[in-house]
Amino acid sequence: MKKYAIREVFGTLQGEGALAGSPAVFLRFAGCNLGYAVCPWCDTDWVKARYHLDLHDTRELVKRTAVETFGGEVPGLLLVATGGEPSLQLDRPLSEALREAGYRVSMESNGSRTIDRSLVDWLTVSPKESAYVQREGDELKVVFTGSAPGPAPDIEAVRRLAEGTHFRHFFLQPLDLPESGPNYTATLDAVKRLGPPWRLSVQTHKVLGIP
Ligand code: SF4
């Protein structure tokens, strides 16, 4: 029987992008196909699975989390499949079980793998390499890496990442380094110079001190 490798499940508000402020259950899968060599500044701990659960027990863990945080599985509640790289694990049985329970299923992917769009109601792509394959979705969220390793050192590189893509929203988000914090000034300046449709995405969960 298939087991999902899960790092953590928690209820909170979505902090980033166009759905910021939405109550959400985060389902963080373990494992990433890129890893810390590609993104040395990665701010998530996805390496070791805390749980290996089958479909039934994964649903139970999500349900318990929704009950504890929101009082129940409120219809339309956001389920954010994240990681690591969630496309390595989110499959049709899990997506269907979540939708049957009333969730809007959202995925945050690094875009290095083709995503089956029928599995998700909302797709965020945040590319971590200049070449990426999933070039269509609901929002493109680029981390403005500046002089740190990454695909977005300057606004020309940001424009190239968006070239020929099909997204509804385009976000530039500050890189948050442990030693210096978010590069707000450089990112604000870049958004001003990029102009529409680019917008600033702030990691509001960090500002608010919530998960
Ligand atoms: S792709 Fe995402 S989860 Fe994987 S190492 Fe890079 S930032 Fe972290």
# chains A, B, ... in the order shown; residues from 1 in each chain; ligands from 1
call {"tool": "residues_around", "arguments": {"residues": "A:Trp46", "least_positions_apart": "2", "cutoff": "8 Å", "atoms": "only C-alpha atoms", "output": "list of chain:residue names"}}
result
A:Arg7, A:Arg28, A:Phe29, A:Ala30, A:Gly31, A:Cys32, A:Thr44, A:Lys48, A:Ala49, A:Gly83, A:Gly84
call {"tool": "write_last_selection", "arguments": {"atoms": "N, CA and C atoms", "output": "compact mmCIF listing (two decimals), in the first residue's frame"}}
result
# COMPACT_ATOMS: atom_id res chain seq x y z
N ARG A 7 6.33 15.51 6.24
CA ARG A 7 7.16 16.20 7.23
C ARG A 7 6.30 16.77 8.36
N ARG A 28 2.86 19.40 4.42
CA ARG A 28 4.23 19.50 3.92
C ARG A 28 4.82 18.09 3.75
N PHE A 29 5.06 17.75 2.48
CA PHE A 29 5.66 16.45 2.19
C PHE A 29 7.17 16.52 2.39
N ALA A 30 7.75 15.38 2.73
CA ALA A 30 9.20 15.29 2.81
C ALA A 30 9.75 15.01 1.40
N GLY A 31 10.99 15.44 1.16
CA GLY A 31 11.66 15.13 -0.10
C GLY A 31 11.58 16.27 -1.10
N CYS A 32 12.70 16.52 -1.76
CA CYS A 32 12.76 17.54 -2.81
C CYS A 32 13.72 17.06 -3.89
N THR A 44 12.78 25.85 4.46
CA THR A 44 11.92 24.78 4.96
C THR A 44 12.72 23.51 5.23
N LYS A 48 13.60 14.99 6.43
CA LYS A 48 13.23 13.74 7.10
C LYS A 48 11.72 13.68 7.32
N ALA A 49 11.11 12.60 6.85
CA ALA A 49 9.66 12.44 7.07
C ALA A 49 9.39 12.14 8.54
N GLY A 83 6.27 21.42 0.30
CA GLY A 83 7.37 20.53 0.63
C GLY A 83 8.57 21.31 1.12
N GLY A 84 9.73 20.84 0.63
CA GLY A 84 10.01 19.91 -0.43
C GLY A 84 9.27 20.19 -1.74
call {"tool": "residues_near_ligand", "arguments": {"ligand": "ligand 1", "cutoff": "10 Å", "atoms": "only C-alpha atoms and all ligand atoms", "output": "mmCIF file with N, CA and C atoms, in the first residue's frame"}}
result
data_model
loop_
_atom_site.group_PDB
_atom_site.id
_atom_site.type_symbol
_atom_site.label_atom_id
_atom_site.label_comp_id
_atom_site.auth_asym_id
_atom_site.auth_seq_id
_atom_site.Cartn_x
_atom_site.Cartn_y
_atom_site.Cartn_z
ATOM 1 N N ARG A 28 2.861 19.399 4.422
ATOM 2 C CA ARG A 28 4.235 19.495 3.923
ATOM 3 C C ARG A 28 4.817 18.090 3.749
ATOM 4 N N PHE A 29 5.058 17.746 2.484
ATOM 5 C CA PHE A 29 5.657 16.450 2.194
ATOM 6 C C PHE A 29 7.166 16.524 2.392
ATOM 7 N N ALA A 30 7.748 15.380 2.729
ATOM 8 C CA ALA A 30 9.200 15.288 2.807
ATOM 9 C C ALA A 30 9.747 15.013 1.400
ATOM 10 N N GLY A 31 10.986 15.437 1.160
ATOM 11 C CA GLY A 31 11.655 15.132 -0.103
ATOM 12 C C GLY A 31 11.580 16.266 -1.099
ATOM 13 N N CYS A 32 12.703 16.516 -1.760
ATOM 14 C CA CYS A 32 12.762 17.537 -2.808
ATOM 15 C C CYS A 32 13.724 17.055 -3.887
ATOM 16 N N ASN A 33 13.365 17.273 -5.141
ATOM 17 C CA ASN A 33 14.220 16.821 -6.248
ATOM 18 C C ASN A 33 15.323 17.826 -6.567
ATOM 19 N N LEU A 34 15.296 19.021 -5.967
ATOM 20 C CA LEU A 34 16.378 19.998 -6.198
ATOM 21 C C LEU A 34 17.331 19.994 -5.011
ATOM 22 N N GLY A 35 16.872 20.421 -3.871
ATOM 23 C CA GLY A 35 17.683 20.287 -2.663
ATOM 24 C C GLY A 35 18.538 21.502 -2.341
ATOM 25 N N TYR A 36 19.208 21.422 -1.190
ATOM 26 C CA TYR A 36 19.936 22.575 -0.639
ATOM 27 C C TYR A 36 21.151 22.967 -1.482
ATOM 28 N N ALA A 37 21.647 22.066 -2.338
ATOM 29 C CA ALA A 37 22.759 22.450 -3.213
ATOM 30 C C ALA A 37 22.286 23.493 -4.220
ATOM 31 N N VAL A 38 21.029 23.372 -4.676
ATOM 32 C CA VAL A 38 20.458 24.343 -5.624
ATOM 33 C C VAL A 38 19.971 25.584 -4.868
ATOM 34 N N CYS A 39 19.358 25.385 -3.722
ATOM 35 C CA CYS A 39 18.778 26.505 -2.941
ATOM 36 C C CYS A 39 19.388 26.504 -1.538
ATOM 37 N N PRO A 40 20.620 26.999 -1.387
ATOM 38 C CA PRO A 40 21.248 26.951 -0.057
ATOM 39 C C PRO A 40 20.508 27.761 0.991
ATOM 40 N N TRP A 41 19.637 28.672 0.551
ATOM 41 C CA TRP A 41 18.892 29.552 1.462
ATOM 42 C C TRP A 41 17.491 29.011 1.761
ATOM 43 N N CYS A 42 17.189 27.817 1.296
ATOM 44 C CA CYS A 42 15.847 27.219 1.509
ATOM 45 C C CYS A 42 15.445 27.334 2.980
ATOM 46 N N ASP A 43 14.216 27.825 3.232
ATOM 47 C CA ASP A 43 13.803 28.062 4.620
ATOM 48 C C ASP A 43 12.853 26.987 5.144
ATOM 49 N N THR A 44 12.782 25.848 4.458
ATOM 50 C CA THR A 44 11.919 24.779 4.963
ATOM 51 C C THR A 44 12.716 23.510 5.235
ATOM 52 N N ASP A 45 12.261 22.785 6.252
ATOM 53 C CA ASP A 45 12.904 21.533 6.631
ATOM 54 C C ASP A 45 12.071 20.390 6.044
ATOM 55 N N TRP A 46 12.535 19.850 4.946
ATOM 56 C CA TRP A 46 11.754 18.830 4.246
ATOM 57 C C TRP A 46 12.482 17.489 4.195
ATOM 58 N N VAL A 47 13.661 17.394 4.826
ATOM 59 C CA VAL A 47 14.520 16.233 4.581
ATOM 60 C C VAL A 47 13.939 14.944 5.165
ATOM 61 N N THR A 82 2.657 21.252 -0.007
ATOM 62 C CA THR A 82 3.949 21.905 -0.172
ATOM 63 C C THR A 82 5.055 20.932 0.221
ATOM 64 N N GLY A 83 6.271 21.424 0.305
ATOM 65 C CA GLY A 83 7.370 20.529 0.627
ATOM 66 C C GLY A 83 8.567 21.310 1.122
ATOM 67 N N GLY A 84 9.726 20.835 0.630
ATOM 68 C CA GLY A 84 10.010 19.910 -0.432
ATOM 69 C C GLY A 84 9.267 20.187 -1.739
ATOM 70 N N GLU A 85 9.189 19.139 -2.540
ATOM 71 C CA GLU A 85 8.491 19.242 -3.813
ATOM 72 C C GLU A 85 7.254 18.339 -3.750
ATOM 73 N N PRO A 86 6.061 18.941 -3.617
ATOM 74 C CA PRO A 86 4.845 18.151 -3.395
ATOM 75 C C PRO A 86 4.417 17.311 -4.588
ATOM 76 N N GLU A 108 2.281 24.165 -4.190
ATOM 77 C CA GLU A 108 3.404 25.084 -4.370
ATOM 78 C C GLU A 108 4.575 24.263 -4.875
ATOM 79 N N SER A 109 4.885 24.425 -6.163
ATOM 80 C CA SER A 109 5.892 23.579 -6.804
ATOM 81 C C SER A 109 7.082 24.413 -7.264
ATOM 82 N N ASN A 110 8.247 23.756 -7.362
ATOM 83 C CA ASN A 110 9.416 24.466 -7.912
ATOM 84 C C ASN A 110 9.395 24.489 -9.440
ATOM 85 N N GLY A 111 8.413 23.853 -10.054
ATOM 86 C CA GLY A 111 8.237 23.946 -11.503
ATOM 87 C C GLY A 111 9.194 23.091 -12.320
ATOM 88 N N SER A 112 9.986 22.270 -11.660
ATOM 89 C CA SER A 112 10.968 21.468 -12.400
ATOM 90 C C SER A 112 10.371 20.177 -12.952
ATOM 91 N N SER A 126 7.192 28.344 -8.217
ATOM 92 C CA SER A 126 8.285 29.198 -7.752
ATOM 93 C C SER A 126 9.602 28.590 -8.235
ATOM 94 N N PRO A 127 10.045 29.000 -9.429
ATOM 95 C CA PRO A 127 11.208 28.339 -10.032
ATOM 96 C C PRO A 127 12.501 28.628 -9.266
ATOM 97 N N LYS A 128 13.305 27.603 -9.130
ATOM 98 C CA LYS A 128 14.568 27.743 -8.419
ATOM 99 C C LYS A 128 15.761 27.581 -9.355
ATOM 100 N N GLU A 129 15.477 27.352 -10.643
ATOM 101 C CA GLU A 129 16.513 27.284 -11.669
ATOM 102 C C GLU A 129 16.003 28.075 -12.875
ATOM 103 N N VAL A 143 11.444 34.298 -6.244
ATOM 104 C CA VAL A 143 12.216 34.808 -5.104
ATOM 105 C C VAL A 143 13.369 35.629 -5.672
ATOM 106 N N GLY A 150 20.872 31.585 -7.273
ATOM 107 C CA GLY A 150 19.464 31.469 -7.657
ATOM 108 C C GLY A 150 19.219 32.035 -9.033
#
call {"tool": "closest_atom_pairs", "arguments": {"of": "stretch 11-33 of chain A", "to": "stretch 170-177 of chain A", "cutoff": "12 Å", "atoms": "only C-alpha atoms", "output": "Markdown table"}}
result
| residue | atom | partner | partner_atom | distance |
| --- | --- | --- | --- | --- |
| A:Gly15 | CA | A:Gln173 | CA | 11.6 |
| A:Glu16 | CA | A:Gln173 | CA | 8.6 |
| A:Gly17 | CA | A:Phe171 | CA | 6.8 |
| A:Ala18 | CA | A:Phe171 | CA | 8.5 |
| A:Leu19 | CA | A:Phe171 | CA | 11.8 |
| A:Ala20 | CA | A:Phe171 | CA | 12.0 |
call {"tool": "write_last_selection", "arguments": {"atoms": "N, CA and C atoms", "output": "compact mmCIF listing (two decimals), in the first residue's frame"}}
result
# COMPACT_ATOMS: atom_id res chain seq x y z
N GLY A 15 0.46 32.57 3.97
CA GLY A 15 1.17 33.83 4.18
C GLY A 15 1.54 34.56 2.90
N GLU A 16 1.61 33.85 1.78
CA GLU A 16 2.24 34.43 0.59
C GLU A 16 1.31 34.43 -0.62
N GLY A 17 1.62 35.30 -1.56
CA GLY A 17 0.97 35.25 -2.87
C GLY A 17 -0.46 35.75 -2.86
N ALA A 18 -1.18 35.43 -3.92
CA ALA A 18 -2.53 35.97 -4.13
C ALA A 18 -3.53 35.45 -3.11
N LEU A 19 -3.25 34.29 -2.48
CA LEU A 19 -4.18 33.73 -1.50
C LEU A 19 -3.78 34.07 -0.07
N ALA A 20 -2.85 35.00 0.10
CA ALA A 20 -2.40 35.38 1.45
C ALA A 20 -3.59 35.77 2.31
call {"tool": "closest_residue", "arguments": {"among": "A:Glu156, A:Asp54, A:Asp121, A:Glu60", "to": "A:Asp138", "atoms": "only C-alpha atoms"}}
result
A:Asp121
call {"tool": "atom_distance", "arguments": {"atom1": "atom CA of A:Ala131", "atom2": "atom CA of A:Leu194"}}
result
20.4 Å
call {"tool": "residues_around", "arguments": {"residues": "stretch 68-75 of chain A", "least_positions_apart": "2", "cutoff": "7 Å", "atoms": "only C-alpha atoms", "output": "PyMOL selection string"}}
result
chain A and resi 11+63-66+77+102-103
call {"tool": "select_by_dssp", "arguments": {"residues": "stretch 134-179 of chain A", "states": "helix (DSSP H, G or I)", "output": "list in words"}}
result
Ile155, Glu156, Ala157, Val158, Arg159, Arg160, Leu161 and Ala162 of chain A
call {"tool": "write_last_selection", "arguments": {"atoms": "all heavy atoms", "output": "tab-separated table (two decimals), in the first residue's frame"}}
result
chain	number	residue	atom	x	y	z
A	155	ILE	N	16.48	42.24	-12.51
A	155	ILE	CA	15.15	42.28	-13.12
A	155	ILE	C	15.13	41.68	-14.53
A	155	ILE	O	14.10	41.16	-14.96
A	155	ILE	CB	14.53	43.70	-13.11
A	155	ILE	CG1	15.34	44.67	-13.92
A	155	ILE	CG2	14.30	44.20	-11.71
A	155	ILE	CD1	14.57	45.99	-14.16
A	156	GLU	N	16.26	41.72	-15.23
A	156	GLU	CA	16.28	41.08	-16.56
A	156	GLU	C	16.06	39.57	-16.40
A	156	GLU	O	15.32	38.95	-17.17
A	156	GLU	CB	17.61	41.34	-17.28
A	156	GLU	CG	17.77	42.74	-17.83
A	156	GLU	CD	18.00	43.79	-16.75
A	156	GLU	OE1	18.60	43.43	-15.71
A	156	GLU	OE2	17.55	44.93	-16.92
A	157	ALA	N	16.72	38.98	-15.39
A	157	ALA	CA	16.56	37.55	-15.15
A	157	ALA	C	15.11	37.23	-14.73
A	157	ALA	O	14.55	36.21	-15.13
A	157	ALA	CB	17.53	37.08	-14.07
A	158	VAL	N	14.51	38.13	-13.95
A	158	VAL	CA	13.11	37.92	-13.54
A	158	VAL	C	12.22	37.92	-14.78
A	158	VAL	O	11.35	37.06	-14.95
A	158	VAL	CB	12.66	39.03	-12.55
A	158	VAL	CG1	11.16	38.91	-12.25
A	158	VAL	CG2	13.47	38.95	-11.26
A	159	ARG	N	12.45	38.89	-15.68
A	159	ARG	CA	11.64	38.95	-16.91
A	159	ARG	C	11.82	37.68	-17.74
A	159	ARG	O	10.86	37.15	-18.29
A	159	ARG	CB	12.06	40.17	-17.75
A	159	ARG	CG	11.55	41.48	-17.19
A	159	ARG	CD	11.51	42.56	-18.27
A	159	ARG	NE	11.04	43.82	-17.70
A	159	ARG	CZ	11.83	44.85	-17.40
A	159	ARG	NH1	13.12	44.80	-17.62
A	159	ARG	NH2	11.31	45.95	-16.87
A	160	ARG	N	13.07	37.19	-17.81
A	160	ARG	CA	13.32	35.97	-18.61
A	160	ARG	C	12.57	34.78	-18.01
A	160	ARG	O	12.06	33.94	-18.73
A	160	ARG	CB	14.83	35.67	-18.67
A	160	ARG	CG	15.56	36.49	-19.74
A	160	ARG	CD	16.92	35.88	-20.06
A	160	ARG	NE	17.80	35.84	-18.90
A	160	ARG	CZ	18.55	36.88	-18.49
A	160	ARG	NH1	18.54	38.03	-19.15
A	160	ARG	NH2	19.33	36.76	-17.44
A	161	LEU	N	12.50	34.71	-16.67
A	161	LEU	CA	11.77	33.60	-16.04
A	161	LEU	C	10.29	33.59	-16.43
A	161	LEU	O	9.66	32.55	-16.48
A	161	LEU	CB	11.88	33.69	-14.51
A	161	LEU	CG	13.21	33.28	-13.88
A	161	LEU	CD1	13.25	33.67	-12.41
A	161	LEU	CD2	13.46	31.78	-14.03
A	162	ALA	N	9.76	34.79	-16.70
A	162	ALA	CA	8.32	34.90	-17.00
A	162	ALA	C	8.03	34.84	-18.50
A	162	ALA	O	6.86	34.69	-18.89
A	162	ALA	CB	7.79	36.22	-16.44
call {"tool": "closest_residue", "arguments": {"among": "A:Pro93, A:Gly76, A:Pro211, A:Pro153", "to": "A:Ala186", "atoms": "only C-alpha atoms"}}
result
A:Pro153
call {"tool": "select_by_dssp", "arguments": {"residues": "stretch 88-211 of chain A", "states": "strand (DSSP E)", "output": "number ranges by chain"}}
result
A: 104-109, 122-125, 136-144, 166-174, 176-177, 181-182, 198-200
call {"tool": "write_last_selection", "arguments": {"atoms": "N, CA and C atoms", "output": "short mmCIF file (atom, residue, chain, number, x, y, z; two decimals), in the first residue's frame"}}
result
data_model
loop_
_atom_site.label_atom_id
_atom_site.label_comp_id
_atom_site.auth_asym_id
_atom_site.auth_seq_id
_atom_site.Cartn_x
_atom_site.Cartn_y
_atom_site.Cartn_z
N ARG A 104 -10.21 23.09 -1.18
CA ARG A 104 -9.62 23.60 -2.43
C ARG A 104 -8.16 23.20 -2.35
N VAL A 105 -7.72 22.40 -3.30
CA VAL A 105 -6.35 21.88 -3.23
C VAL A 105 -5.40 22.79 -3.99
N SER A 106 -4.42 23.30 -3.26
CA SER A 106 -3.42 24.19 -3.83
C SER A 106 -2.06 23.51 -3.75
N MET A 107 -1.20 23.76 -4.74
CA MET A 107 0.14 23.18 -4.71
C MET A 107 1.18 24.26 -4.93
N GLU A 108 2.28 24.17 -4.19
CA GLU A 108 3.40 25.08 -4.37
C GLU A 108 4.58 24.26 -4.87
N SER A 109 4.89 24.43 -6.16
CA SER A 109 5.89 23.58 -6.80
C SER A 109 7.08 24.41 -7.26
N TRP A 122 -5.44 25.15 -7.53
CA TRP A 122 -4.60 26.35 -7.56
C TRP A 122 -3.15 25.89 -7.65
N LEU A 123 -2.41 26.47 -8.59
CA LEU A 123 -1.01 26.06 -8.72
C LEU A 123 -0.10 27.29 -8.64
N THR A 124 0.81 27.24 -7.68
CA THR A 124 1.85 28.26 -7.54
C THR A 124 3.16 27.63 -8.02
N VAL A 125 3.83 28.31 -8.93
CA VAL A 125 5.14 27.84 -9.38
C VAL A 125 6.19 28.85 -8.92
N GLU A 136 2.93 27.14 -16.74
CA GLU A 136 1.52 27.56 -16.72
C GLU A 136 0.98 27.29 -15.33
N GLY A 137 0.10 28.19 -14.86
CA GLY A 137 -0.47 27.98 -13.54
C GLY A 137 -1.23 29.20 -13.10
N ASP A 138 -1.54 29.28 -11.80
CA ASP A 138 -2.28 30.43 -11.28
C ASP A 138 -1.34 31.57 -10.91
N GLU A 139 -0.23 31.24 -10.27
CA GLU A 139 0.70 32.33 -9.96
C GLU A 139 2.14 31.87 -10.12
N LEU A 140 2.94 32.81 -10.63
CA LEU A 140 4.38 32.62 -10.71
C LEU A 140 4.97 33.46 -9.58
N LYS A 141 5.70 32.81 -8.69
CA LYS A 141 6.26 33.51 -7.53
C LYS A 141 7.77 33.38 -7.59
N VAL A 142 8.41 34.48 -7.91
CA VAL A 142 9.87 34.46 -8.07
C VAL A 142 10.51 35.03 -6.81
N VAL A 143 11.44 34.30 -6.24
CA VAL A 143 12.22 34.81 -5.10
C VAL A 143 13.37 35.63 -5.67
N PHE A 144 13.43 36.91 -5.25
CA PHE A 144 14.45 37.81 -5.79
C PHE A 144 15.78 37.52 -5.09
N HIS A 166 2.32 31.27 -18.92
CA HIS A 166 0.89 31.61 -18.79
C HIS A 166 0.48 31.49 -17.32
N PHE A 167 0.51 32.61 -16.65
CA PHE A 167 0.07 32.69 -15.25
C PHE A 167 -0.90 33.84 -15.11
N ARG A 168 -1.74 33.76 -14.05
CA ARG A 168 -2.70 34.85 -13.80
C ARG A 168 -2.08 35.93 -12.93
N HIS A 169 -1.13 35.56 -12.08
CA HIS A 169 -0.51 36.51 -11.15
C HIS A 169 1.01 36.34 -11.20
N PHE A 170 1.70 37.47 -11.08
CA PHE A 170 3.16 37.46 -11.09
C PHE A 170 3.66 38.15 -9.82
N PHE A 171 4.39 37.42 -8.98
CA PHE A 171 4.86 37.97 -7.71
C PHE A 171 6.38 37.90 -7.62
N LEU A 172 6.93 38.96 -7.06
CA LEU A 172 8.34 38.96 -6.69
C LEU A 172 8.39 38.99 -5.17
N GLN A 173 9.16 38.07 -4.61
CA GLN A 173 9.18 37.92 -3.15
C GLN A 173 10.61 38.10 -2.64
N PRO A 174 10.78 38.82 -1.53
CA PRO A 174 12.13 39.00 -0.99
C PRO A 174 12.77 37.67 -0.60
N ASP A 176 14.84 35.75 2.04
CA ASP A 176 15.01 35.93 3.48
C ASP A 176 16.21 35.11 3.94
N LEU A 177 17.33 35.79 4.20
CA LEU A 177 18.53 35.08 4.65
C LEU A 177 18.63 35.18 6.18
N GLY A 181 18.15 38.86 7.00
CA GLY A 181 16.70 39.07 6.89
C GLY A 181 16.27 39.28 5.45
N PRO A 182 14.99 39.62 5.24
CA PRO A 182 14.48 39.77 3.88
C PRO A 182 15.09 40.98 3.16
N TRP A 198 3.73 42.68 -12.36
CA TRP A 198 4.46 42.20 -11.18
C TRP A 198 3.95 42.89 -9.93
N ARG A 199 3.88 42.11 -8.85
CA ARG A 199 3.48 42.63 -7.55
C ARG A 199 4.42 42.07 -6.48
N LEU A 200 4.43 42.74 -5.35
CA LEU A 200 5.25 42.30 -4.22
C LEU A 200 4.52 41.22 -3.43
#
call {"tool": "atom_distance", "arguments": {"atom1": "atom CA of A:Tyr51", "atom2": "atom CA of A:Val25"}}
result
16.4 Å
